[in-house]
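Data from entry-v6.txt: compact mmCIF, C-alpha atoms
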# COMPACT_ATOMS: atom_id res chain seq x y z
CA MET A 1 0.00 0.00 0.00
CA ALA A 2 2.87 2.33 0.86
CA ASN A 3 4.52 1.62 -2.49
CA GLN A 4 1.24 2.38 -4.28
CA ASN A 5 0.91 5.73 -2.48
CA ASN A 6 4.53 6.57 -3.30
CA ASN A 7 3.87 5.82 -6.98
CA ILE A 8 0.82 8.10 -6.99
CA ILE A 9 2.79 10.92 -5.34
CA GLU A 10 5.69 10.39 -7.77
CA GLN A 11 3.34 10.45 -10.79
CA SER A 12 1.56 13.57 -9.48
CA SER A 13 4.87 15.35 -8.98
CA LYS A 14 5.98 14.36 -12.48
CA ASN A 15 2.72 15.63 -14.00
CA ASN A 16 3.08 18.97 -12.22
CA ASN A 17 6.39 19.51 -14.02
CA LEU A 18 4.98 18.74 -17.45
CA PRO A 19 3.34 21.36 -19.71
CA LYS A 20 -0.41 21.30 -19.10
CA VAL A 21 -2.96 20.71 -21.85
CA PHE A 22 -6.62 21.52 -21.18
CA LEU A 23 -9.30 19.64 -23.13
CA HIS A 24 -11.91 22.33 -23.79
CA GLY A 25 -15.10 20.50 -24.72
CA PRO A 26 -17.98 18.40 -23.38
CA PRO A 27 -17.18 15.63 -20.85
CA GLN A 28 -17.10 12.93 -23.54
CA PHE A 29 -14.44 14.99 -25.35
CA SER A 30 -11.96 13.67 -22.78
CA ILE A 31 -11.62 10.35 -24.61
CA LEU A 32 -9.89 12.26 -27.42
CA LEU A 33 -6.62 11.90 -25.53
CA GLN A 34 -7.30 9.17 -23.03
CA PRO A 35 -5.40 7.41 -21.72
CA ASN A 36 -2.61 9.99 -21.65
CA PRO A 37 -0.88 9.32 -24.99
CA SER A 38 2.43 11.00 -24.23
CA GLN A 39 4.95 11.46 -21.50
CA ASN A 40 5.66 14.98 -22.78
CA PHE A 41 2.56 16.76 -21.45
CA HIS A 42 -0.09 16.54 -18.74
CA ILE A 43 -3.74 16.28 -19.83
CA LEU A 44 -6.29 18.14 -17.74
CA ASN A 45 -9.43 16.06 -18.16
CA PRO A 46 -12.71 18.03 -18.45
CA SER A 47 -14.78 15.04 -17.33
CA SER A 48 -13.49 15.75 -13.82
CA LEU A 49 -13.05 19.50 -14.19
CA PRO A 50 -15.47 22.38 -14.74
CA PRO A 51 -15.55 24.13 -18.16
CA LEU A 52 -12.54 26.28 -18.99
CA HIS A 53 -13.94 29.65 -17.93
CA GLU A 54 -15.06 28.21 -14.58
CA PHE A 55 -11.78 26.39 -14.13
CA ILE A 56 -9.88 29.64 -14.68
CA SER A 57 -11.94 31.54 -12.12
CA LEU A 58 -11.70 28.73 -9.55
CA ASN A 59 -8.02 27.92 -10.11
CA PRO A 60 -6.19 31.11 -11.10
CA ASP A 61 -2.78 29.74 -10.06
CA HIS A 62 -3.28 26.43 -11.83
CA ALA A 63 -4.74 28.17 -14.87
CA SER A 64 -1.61 30.27 -15.22
CA SER A 65 0.35 27.12 -16.08
CA ILE A 66 -1.85 25.92 -18.98
CA SER A 67 0.38 25.75 -22.06
CA ALA A 68 -2.07 24.38 -24.61
CA ILE A 69 -5.79 23.98 -25.24
CA VAL A 70 -7.48 21.31 -27.34
CA CYS A 71 -10.93 22.59 -28.30
CA THR A 72 -14.00 21.83 -30.38
CA THR A 73 -16.24 24.19 -32.35
CA LEU A 74 -18.97 24.67 -29.73
CA TYR A 75 -16.43 25.69 -27.07
CA PRO A 76 -14.97 29.06 -28.11
CA VAL A 77 -11.56 30.36 -27.18
CA ASN A 78 -12.11 34.11 -27.34
CA ALA A 79 -9.87 37.02 -26.41
CA ASP A 80 -11.22 37.17 -22.85
CA VAL A 81 -10.29 33.53 -22.24
CA ILE A 82 -6.89 33.88 -23.91
CA ARG A 83 -5.99 36.90 -21.75
CA LEU A 84 -6.59 34.83 -18.61
CA LEU A 85 -3.99 32.25 -19.68
CA PRO A 86 -0.57 33.92 -19.54
CA SER A 87 1.32 30.69 -20.34
CA LEU A 88 -0.84 29.67 -23.31
CA ARG A 89 1.30 28.91 -26.37
CA LEU A 90 -0.83 26.55 -28.47
CA ILE A 91 -4.50 26.12 -29.37
CA CYS A 92 -5.20 22.82 -31.09
CA ALA A 93 -8.62 22.74 -32.79
CA ALA A 94 -10.14 19.29 -33.28
CA SER A 95 -12.04 20.70 -36.26
CA ALA A 96 -11.35 21.96 -39.75
CA GLY A 97 -12.78 25.40 -38.97
CA THR A 98 -11.24 27.85 -36.51
CA ASN A 99 -13.85 30.61 -36.40
CA HIS A 100 -14.47 29.73 -32.72
CA ILE A 101 -10.92 30.90 -31.96
CA ASP A 102 -9.85 34.56 -31.81
CA LEU A 103 -7.02 34.32 -34.32
CA SER A 104 -6.22 38.05 -34.08
CA GLU A 105 -5.54 37.77 -30.37
CA CYS A 106 -3.48 34.64 -31.00
CA ARG A 107 -1.34 36.48 -33.54
CA ARG A 108 -0.90 39.38 -31.12
CA ARG A 109 0.22 37.00 -28.37
CA GLY A 110 2.31 34.76 -30.62
CA ILE A 111 0.12 31.73 -29.88
CA LYS A 112 0.27 28.89 -32.40
CA VAL A 113 -2.99 27.42 -33.73
CA THR A 114 -3.56 24.09 -35.45
CA SER A 115 -6.67 22.57 -37.01
CA ALA A 116 -7.85 19.27 -38.47
CA GLY A 117 -6.81 20.56 -41.90
CA ASN A 118 -8.27 18.40 -44.66
CA LEU A 119 -8.74 15.40 -42.39
CA PHE A 120 -12.56 15.44 -42.57
CA SER A 121 -13.00 16.36 -46.23
CA GLU A 122 -14.25 12.97 -47.40
CA GLU A 123 -16.68 12.56 -44.49
CA VAL A 124 -18.13 16.03 -45.03
CA ALA A 125 -18.46 15.46 -48.78
CA ASP A 126 -20.25 12.17 -48.11
CA MET A 127 -22.68 13.97 -45.81
CA ALA A 128 -23.32 16.73 -48.36
CA VAL A 129 -24.30 14.21 -51.03
CA ALA A 130 -26.32 12.16 -48.52
CA LEU A 131 -28.31 15.24 -47.48
CA LEU A 132 -28.92 16.16 -51.11
CA ILE A 133 -30.19 12.66 -51.95
CA ASP A 134 -32.35 12.62 -48.84
CA VAL A 135 -33.94 15.99 -49.62
CA SER A 136 -34.45 15.37 -53.33
CA ARG A 137 -35.74 11.78 -52.97
CA LYS A 138 -37.57 12.55 -49.69
CA ILE A 139 -36.08 9.57 -47.86
CA SER A 140 -36.58 10.92 -44.33
CA THR A 141 -40.08 12.05 -45.28
CA ALA A 142 -40.84 8.58 -46.63
CA ASN A 143 -39.54 6.99 -43.45
CA ARG A 144 -41.83 9.14 -41.30
CA PHE A 145 -44.75 8.58 -43.67
CA LEU A 146 -44.40 4.81 -43.58
CA ARG A 147 -44.07 4.66 -39.80
CA ARG A 148 -47.33 6.61 -39.43
CA GLN A 149 -49.34 4.40 -41.78
CA LEU A 150 -51.24 1.23 -40.92
CA GLN A 151 -50.91 0.13 -44.55
CA ILE A 152 -48.74 1.18 -47.48
CA ALA A 153 -51.36 1.19 -50.21
CA SER A 154 -51.86 4.95 -50.05
CA TRP A 155 -50.36 7.11 -52.79
CA ASP A 156 -50.80 10.22 -50.68
CA PHE A 157 -47.09 10.94 -50.64
CA PRO A 158 -45.16 13.92 -52.10
CA LEU A 159 -43.10 13.19 -55.20
CA GLY A 160 -39.35 13.65 -55.09
CA SER A 161 -36.96 14.45 -57.91
CA LYS A 162 -34.01 12.54 -59.33
CA LEU A 163 -30.47 13.68 -58.67
CA THR A 164 -29.10 12.59 -62.04
CA GLY A 165 -28.46 15.51 -64.37
CA LYS A 166 -29.10 18.25 -61.82
CA LYS A 167 -27.26 21.56 -62.08
CA ILE A 168 -25.15 21.81 -58.92
CA GLY A 169 -23.57 25.01 -57.65
CA ILE A 170 -20.78 24.55 -55.10
CA VAL A 171 -19.91 27.54 -52.92
CA GLY A 172 -16.30 27.11 -51.84
CA MET A 173 -14.19 24.94 -54.13
CA GLY A 174 -11.58 23.85 -51.62
CA ARG A 175 -10.81 20.25 -50.70
CA ILE A 176 -14.39 19.54 -49.53
CA GLY A 177 -15.93 21.21 -52.56
CA LEU A 178 -13.70 19.16 -54.86
CA GLU A 179 -14.69 15.95 -53.08
CA VAL A 180 -18.39 16.86 -53.43
CA ALA A 181 -17.93 17.58 -57.13
CA LYS A 182 -16.14 14.27 -57.67
CA ARG A 183 -19.02 12.35 -56.09
CA LEU A 184 -21.71 14.20 -58.01
CA GLU A 185 -19.99 13.63 -61.35
CA ALA A 186 -21.00 9.99 -60.91
CA PHE A 187 -24.63 11.19 -61.11
CA ASN A 188 -23.92 13.08 -64.35
CA CYS A 189 -24.59 16.34 -62.54
CA MET A 190 -23.51 19.59 -64.17
CA ILE A 191 -21.10 21.23 -61.73
CA SER A 192 -20.34 24.94 -61.43
CA TYR A 193 -18.86 26.88 -58.56
CA ASN A 194 -18.16 30.11 -56.74
CA SER A 195 -14.95 30.61 -54.79
CA ARG A 196 -12.67 33.43 -53.69
CA ASN A 197 -10.68 32.89 -56.87
CA LYS A 198 -11.17 31.02 -60.10
CA LYS A 199 -9.29 27.71 -60.11
CA PRO A 200 -7.28 27.64 -63.36
CA LEU A 201 -6.98 23.84 -63.39
CA LEU A 202 -10.74 23.24 -63.10
CA SER A 203 -12.99 22.91 -66.13
CA TYR A 204 -16.19 23.63 -64.17
CA PRO A 205 -17.85 26.99 -64.96
CA PHE A 206 -16.89 29.68 -62.45
CA TYR A 207 -19.26 32.40 -61.22
CA SER A 208 -17.85 35.42 -59.44
CA THR A 209 -20.97 35.92 -57.29
CA VAL A 210 -23.24 33.49 -55.47
CA ILE A 211 -26.37 35.10 -56.88
CA GLU A 212 -25.14 34.40 -60.44
CA LEU A 213 -24.37 30.83 -59.42
CA ALA A 214 -27.83 30.40 -57.90
CA THR A 215 -29.51 31.75 -61.04
CA SER A 216 -27.80 29.06 -63.11
CA THR A 217 -28.30 26.02 -60.86
CA ASN A 218 -30.91 23.79 -59.18
CA VAL A 219 -28.87 23.14 -56.03
CA LEU A 220 -26.47 25.15 -53.87
CA ILE A 221 -24.02 23.21 -51.68
CA LEU A 222 -22.18 25.36 -49.15
CA CYS A 223 -18.65 24.20 -48.36
CA CYS A 224 -16.84 27.48 -47.73
CA GLU A 225 -15.46 28.82 -44.45
CA LEU A 226 -17.25 31.40 -42.35
CA ASN A 227 -15.75 34.89 -42.19
CA ASP A 228 -16.89 38.49 -42.50
CA GLN A 229 -17.18 38.15 -46.27
CA THR A 230 -19.17 34.90 -46.26
CA ARG A 231 -21.55 35.55 -43.36
CA HIS A 232 -25.11 35.35 -44.79
CA ILE A 233 -23.62 34.78 -48.25
CA VAL A 234 -26.90 32.99 -48.99
CA ASN A 235 -29.50 35.68 -48.38
CA LYS A 236 -33.03 36.37 -49.59
CA GLU A 237 -31.90 37.45 -53.07
CA VAL A 238 -29.83 34.30 -53.54
CA MET A 239 -32.70 32.05 -52.45
CA LEU A 240 -35.14 33.76 -54.80
CA ALA A 241 -32.60 33.45 -57.62
CA LEU A 242 -32.30 29.72 -56.91
CA GLY A 243 -36.05 29.43 -57.39
CA LYS A 244 -39.02 27.34 -56.32
CA GLY A 245 -37.44 24.01 -57.30
CA GLY A 246 -34.13 24.83 -55.65
CA ILE A 247 -32.39 22.94 -52.85
CA ILE A 248 -29.78 24.26 -50.42
CA VAL A 249 -27.32 21.97 -48.62
CA ASN A 250 -25.10 23.41 -45.89
CA VAL A 251 -22.12 21.47 -44.54
CA GLY A 252 -20.00 24.58 -43.94
CA ARG A 253 -21.11 26.84 -41.09
CA GLY A 254 -24.66 27.79 -40.10
CA ALA A 255 -24.17 31.54 -40.45
CA LEU A 256 -23.37 31.18 -44.16
CA ILE A 257 -27.17 31.30 -44.55
CA ASP A 258 -29.59 33.94 -43.34
CA GLU A 259 -31.56 31.40 -41.32
CA LYS A 260 -34.66 33.56 -40.86
CA GLU A 261 -34.93 34.12 -44.60
CA LEU A 262 -34.34 30.43 -45.24
CA LEU A 263 -37.26 29.53 -42.98
CA ARG A 264 -39.48 32.10 -44.67
CA CYS A 265 -38.58 30.87 -48.16
CA LEU A 266 -39.18 27.25 -47.18
CA ILE A 267 -42.53 27.97 -45.53
CA GLU A 268 -43.72 30.15 -48.41
CA GLY A 269 -42.51 27.69 -51.06
CA GLU A 270 -39.90 30.01 -52.54
CA ILE A 271 -37.42 27.11 -52.54
CA GLU A 272 -38.02 23.36 -52.60
CA GLY A 273 -35.98 22.10 -49.68
CA ALA A 274 -32.83 22.16 -47.55
CA GLY A 275 -30.38 19.74 -46.01
CA LEU A 276 -28.66 21.27 -42.97
CA ASP A 277 -25.82 19.85 -40.91
CA VAL A 278 -25.01 23.24 -39.32
CA PHE A 279 -27.01 26.09 -37.82
CA GLU A 280 -26.55 29.78 -37.21
CA ASN A 281 -26.69 29.74 -33.39
CA GLU A 282 -25.53 26.24 -32.47
CA PRO A 283 -26.42 24.27 -30.49
CA TYR A 284 -29.81 26.05 -30.79
CA VAL A 285 -31.88 24.92 -33.77
CA PRO A 286 -35.05 26.90 -34.65
CA LYS A 287 -38.05 24.74 -33.79
CA GLU A 288 -39.80 25.88 -36.97
CA PHE A 289 -37.55 23.51 -38.93
CA PHE A 290 -38.92 20.48 -37.10
CA SER A 291 -42.36 20.57 -38.71
CA LEU A 292 -41.07 20.99 -42.27
CA ASP A 293 -40.92 17.72 -44.22
CA LYS A 294 -38.92 19.46 -46.94
CA VAL A 295 -35.98 19.94 -44.54
CA VAL A 296 -33.49 17.25 -43.47
CA LEU A 297 -31.58 18.07 -40.28
CA SER A 298 -28.31 16.70 -38.90
CA PRO A 299 -26.71 17.78 -35.58
CA HIS A 300 -23.37 19.02 -36.99
CA ALA A 301 -22.44 15.37 -37.43
CA ALA A 302 -20.80 15.34 -40.87
CA VAL A 303 -17.39 14.55 -39.40
CA LEU A 304 -18.59 12.02 -36.84
CA THR A 305 -17.47 8.62 -38.05
CA SER A 306 -15.40 5.99 -36.29
CA ASP A 307 -12.71 6.47 -38.94
CA SER A 308 -12.50 10.24 -38.50
CA PHE A 309 -12.45 9.92 -34.71
CA MET A 310 -9.39 7.67 -34.81
CA SER A 311 -7.71 10.04 -37.28
CA ILE A 312 -8.33 13.21 -35.25
CA CYS A 313 -7.07 11.53 -32.07
CA GLN A 314 -3.82 10.73 -33.85
CA LEU A 315 -3.53 14.19 -35.42
CA VAL A 316 -4.13 16.07 -32.16
CA GLU A 317 -1.52 13.93 -30.41
CA GLN A 318 0.96 14.47 -33.24
CA ASN A 319 0.48 18.26 -33.16
CA LEU A 320 0.94 18.36 -29.39
CA GLU A 321 4.03 16.16 -29.49
CA ALA A 322 5.51 18.21 -32.33
CA PHE A 323 4.90 21.47 -30.48
CA PHE A 324 6.37 20.34 -27.17
CA SER A 325 9.35 18.81 -29.00
CA ASN A 326 10.02 22.08 -30.87
CA LYS A 327 9.29 20.42 -34.21
CA PRO A 328 7.15 21.80 -37.09
CA LEU A 329 3.41 21.50 -36.49
CA ILE A 330 1.50 18.99 -38.63
CA THR A 331 -1.48 21.18 -39.54
CA PRO A 332 -0.62 24.78 -38.64
CA VAL A 333 -3.13 27.62 -39.07
CA ILE A 334 -0.85 30.33 -37.63
For this file, write the structure as structure tokens.
Amino acid sequence: MANQNNNIIEQSSKNNNLPKVFLHGPPQFSILLQPNPSQNFHILNPSSLPPLHEFISLNPDHASSISAIVCTTLYPVNADVIRLLPSLRLICAASAGTNHIDLSECRRRGIKVTSAGNLFSEEVADMAVALLIDVSRKISTANRFLRRQLQIASWDFPLGSKLTGKKIGIVGMGRIGLEVAKRLEAFNCMISYNSRNKKPLLSYPFYSTVIELATSTNVLILCCELNDQTRHIVNKEVMLALGKGGIIVNVGRGALIDEKELLRCLIEGEIEGAGLDVFENEPYVPKEFFSLDKVVLSPHAAVLTSDSFMSICQLVEQNLEAFFSNKPLITPVI
């Protein structure tokens, strides 16, 4: 028993001398780096700790020694949080997007930031196509319809539309957009796109504005990042340009769409349907969506596969080990 206590004390003392990494996410987020994958840093486990802002207020001395944060999209690391962590040197996002992190404050402080990079591109592209098929062929609607019926002889069911040959407009032709396009080519879809810049190696038609893209397509698939220029990039004018048979799929960020206008256009029949994996004020989802059969909803789950989980665990560990070994980061943002 004495030897066991000595081992615990020795391990605790060793951990106190290691750089501290705080896992900033829900309790289940702790399995991202459990058991402790490295002898080079000490994981602070949120399943036994309060959220970061509470932890900082309750443990100001301990908080001053946090060297790195691993975070997820619903747990922001804003300037107020960063200023409370004088030893912070790395923020490791377990997501492709970093709009939940104050990058300006990080640059000012010289804090490094990493992301998931292109790790989730295939999963997100799969989800985009799945949502489009579901909306156009009314699969979720059919599932609900059948479960409510005592018999299946009724033809009182809304008709869907085929995906083959549709005109698809992709907003954001990065890695995810390219993966979406590749999948939709198998359906003989006609692909066009809008992006910050025209891609000289792509043969797809390029439109310099989203409203021009919407006017020329049946479907808009949003794959771009969220920033000041892309916030509400799909507004009322874009939806009306897409037209009554149009479908919008969003696997980017919720605020790419003016959500209030989207609801209005759906309810009034100005567009045909929507497939949404992301929402403007997550985790809140407007309840008006729930009663609309023409909408398919997913809880920001495009990246959630067993394969991607194993990959992000490895990538986060590699970025942390690289940082604390003074080696180049694997997926640096800044």
Legend entry - Contact residues around Lys198 in chain A with only C-alpha atoms at 10 Å, ignoring same-chain residues under 5 positions, as a ChimeraX atom specification: /A:173,193,204-208
message: Counting only C-alpha atoms, which residue out of A:Gly243, A:Pro332, A:Pro299, A:Gly165 sits closest to Gly275 in chain A?
response: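 When distances to Gly275 in chain A are compared using only C-alpha atoms, the smallest one comes from A:Pro299.
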Practice problem: Mind giving me the straight-line distance from CA of Ser115 in chain A to CA of Leu304 in chain A in Å, one decimal? | Solution: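 Atom-to-atom, CA of Ser115 in chain A to CA of Leu304 in chain A, that is 15.9 Å.
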Neighbouring residues of Ala94 in chain A were defined as those with any atom within 7 Å, considering all atoms listed in the file; residues of the same chain fewer than 2 positions away were excluded. Please report them as a PyMOL selection string.
chain A and resi 70-72+92+115-116+312+316
Item checked: Neighbour list for Lys166 in chain A as a PyMOL selection string, cut-off 8 Å, only C-alpha atoms, skip fewer than 4 positions in-chain -> chain A and resi 162+188-190+217-219
Practice prompt. Excluding Ser325 in chain A and any residue of its chain fewer than 5 positions from it, enumerate the residues within 10 Å of it, using all atoms listed in the file, and give them as a list in words.
Written response: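 The residues that qualify are Asn40, Asn319 and Leu320 of chain A.
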Export of prior selection with C-alpha atoms as a compact mmCIF listing (two decimals), in the coordinates of the input:
# COMPACT_ATOMS: atom_id res chain seq x y z
CA ASN A 40 5.66 14.98 -22.78
CA ASN A 319 0.48 18.26 -33.16
CA LEU A 320 0.94 18.36 -29.39
